[in-house]
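Student: Below is one structure. I have some questions about it.
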Amino acid sequence: MRALLQLEVRNSEGALDRIFGVLRRRGYRIVRLAADRFEEDACFDCVMVLESERPVSALSGQLRKLFDVRSLHVSEQCDAAPAFASEMKRGESLEEGKAPIVAVRNPAEISAASPMS
Amino acid sequence: MTGAEALLRALEREGVEVIFGYPGGAILPVYDALTQSPIRHILVRHEQGAALAADGYARATGKVGVCMATSGPGATNLVTGIANAYMDSVPVVAITGQVPTALIGTDAFQEVDIYGITMPIVKHSFLVRRVAELPAIVHEAFRIARSGRRGPVLIDLPKDVASQVAGTCGEATEASENEALRPPPDELKRAAHLLRESQRPLAYVGGGVRWANAVQEFRAFIQTTQIPVVSTLMGLGALPARDELFLGMLGMHGLKAANFAVQSSDLLVAIGVRFDDRATGKLAEFAPHAKVIHLDADAAEVSKLRKADVPLLGDLRTSLRSLSLPLAVDAWRAECLANKAGYAWNYNAPTDGIYAPRFLKELSEAAGDETIFVCDVGQHQMWVAQHCGFSRPEQHLSSGGLGAMGYGLPAAIGAQFGHPQARVINVAGDGSMLMNVQELATVKRYGLPVKILLLDNQSLGMVRQWQEIFFAGRYSAVDLSDNPDFVRLAESFGIPAFCVEKKEEVPGAIQRLLQEPGPLLVHARIDPRANVWPLVPPGRSNSAMLEGAHR
């Protein structure tokens, strides 16, 4: 099974960790991934293509109940995936056809890890 | 007001009366503030005891249990208890001290990423970065812990935030309580239709019923429909065990009448259950002829393992009221009840020693409905589930999903603080007892009248049983014949204790367990070869129940 997931995630401490943890633990592998912040950094837009031997329906329920997940759209039509790089704000810096990989850090985490700030 | 004081003020607003905890460096500001707080702090002797006591308090009272520990090892010692609450959907708020924010991520003394470590075993978690957020975070943590499907929430509090002056910092942002979803009317109609059409309907009830506060509606549903009931370990007590329609626990150590009813039913009304492997056995052969109506608060559980023909998501009470219809299933009910009578347990085992199932049955009957039984994990846990009768779910505390040995004593302590007047009996095994034996000091310190019935088979009995049956008797690391002298051990903590080993001694032991005003440990020696029957081999259908000698 392959599926395309589009999520809006509240930009809280470790929110993406939490989502990736659910994916790993429940048996879903990330094939492509893109994420970017919006709403003055309060949220993440996250798009990913997953593969698994398990149905995506079993995952969507687990993701929807995470408190940081504000919305989730699931499609098993992965043909939609070619559009996904261009949907991302940083897509222009990427080679054509490849998903952007965005290093995501919570500003609070950065300041905590750096006593100088 | 400091952050620590703001934390305690926020906990008071949530109605917290007791916290189970253990102090340490990073949580010192909170312990300092506790000296001025009306909240009672209970010092356990290991942080795992704190988390499990909070769990026991929550299960016994229905309130949110609260535990607290310092950073690093204090926090990691909470982990088993947090996982236990997660697996059994118990509302617990765990508060951990953390190193100062500037040191987070520097491998500071007693720093661990407890926020990251616990992510898979909490419903949600917070790392408090700003003192002004504390009241809102505490309020939100409690709301999350006790809404929908219950579960644990972690609040990680850096020491500098706890020490920081918070100004007046009094009020939490009012977040409205989540209103339980109401199942769609169309689905309710479809469910009612399935129920009317069914010739062999069966209620399969779990722990979700009590946490949805739907016990009364569940009982009314059974009263009206008159359909037979099987229960998971977590669901015991939802219908009183003495009710004629109660067939017993299903699953790996389920009673025969219960498992046979599931296998021949044509409609399972699954209420607050998650089709756990210990309940279903081989999933593909579980209830092979049955359609499923699944009532649950958690959408992720419906059709997770067994497809629901009709999912009823949301408020169980609404669904149960809607499905309370008189049904014409007399023949099916009679068949189930005949099986129940036919497979009734024979308590006259051919032994001069103590037969644990009989001891537990007699103790349960004599103890009455107000006694709370708290199990550890292993053979004795299954015997309690099979042979003690519960009249309400809060009467039976057991580590189901996680199966955490050492649960019993700290959870009994938590239950006793929740119900100071109740009789609380911890049924323990000799393996489990030594996992949290340090909490005997907590029993003594607070003068708790907790009773302990220690069923000692000088082995890790459940593992030994599996090695006997599934590993051709190659016993590995299960011999506990060098156990300490449990009577002297208890006495060294200042707790009276005595030993029994003959069946004639059982009535006297029961009498003393029920009449002793203070704490008591009864050390009951049982046959090391005793096994739990029936047993469905792992991965097999529930029809394949093994039976063996009763000792």
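Chain labels A, B, ... are given in the sequence in which chains occur in the structure tokens; within each chain residues are numbered consecutively from 1, and ligands are likewise numbered from 1 in the order shown.
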If you count only C-alpha atoms, which residues fall within 12 Å of Arg64 of chain A, apart from same-chain ones fewer than 3 positions away, as an NGL selection string?
Tutor: (:A and (5-9 or 19 or 22 or 57-61 or 67-74)) or (:B and (298-300))
Student: Could you list, as a count of residues only, every residue of chain B that has an atom within 12 Å of an atom of chain A, counting only C-alpha atoms?
Tutor: 50
Student: Could you state the separation of atom CA of Val443 of chain B and atom CA of Pro519 of chain B in Å, given to one decimal place?
Tutor: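 Computing the Euclidean distance for atom CA of Val443 of chain B and atom CA of Pro519 of chain B yields 7.5 Å.
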Student: Considering only C-alpha atoms, state which residue in the set B:Gly74, B:Pro449, B:Gly342, B:Gly401 is at the smallest distance from Phe275 of chain B.
Tutor: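 Once distances to Phe275 of chain B are computed over only C-alpha atoms, the minimum belongs to B:Gly401.
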Student: In terms of the shortest atom-to-atom distance over only C-alpha atoms, which of A:Phe38, A:Glu53, A:Gly27, A:Leu33 is closest to Asn11 of chain A?
Tutor: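 Smallest distance to Asn11 of chain A is found for A:Phe38.
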Student: Looking at only C-alpha atoms, which of B:Leu455, B:Cys375, B:Ala441, B:Leu188 is the one that sits closest to Pro357 of chain B?
Tutor: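 With only C-alpha atoms as the atom set, the closest residue is B:Leu455.
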Student: With DSSP run on the backbone, what are the strand (DSSP E) residues within segment 13-90 of chain A? I'd like them as a PyMOL selection string.
Tutor: chain A and resi 29-38+43-51+69-75
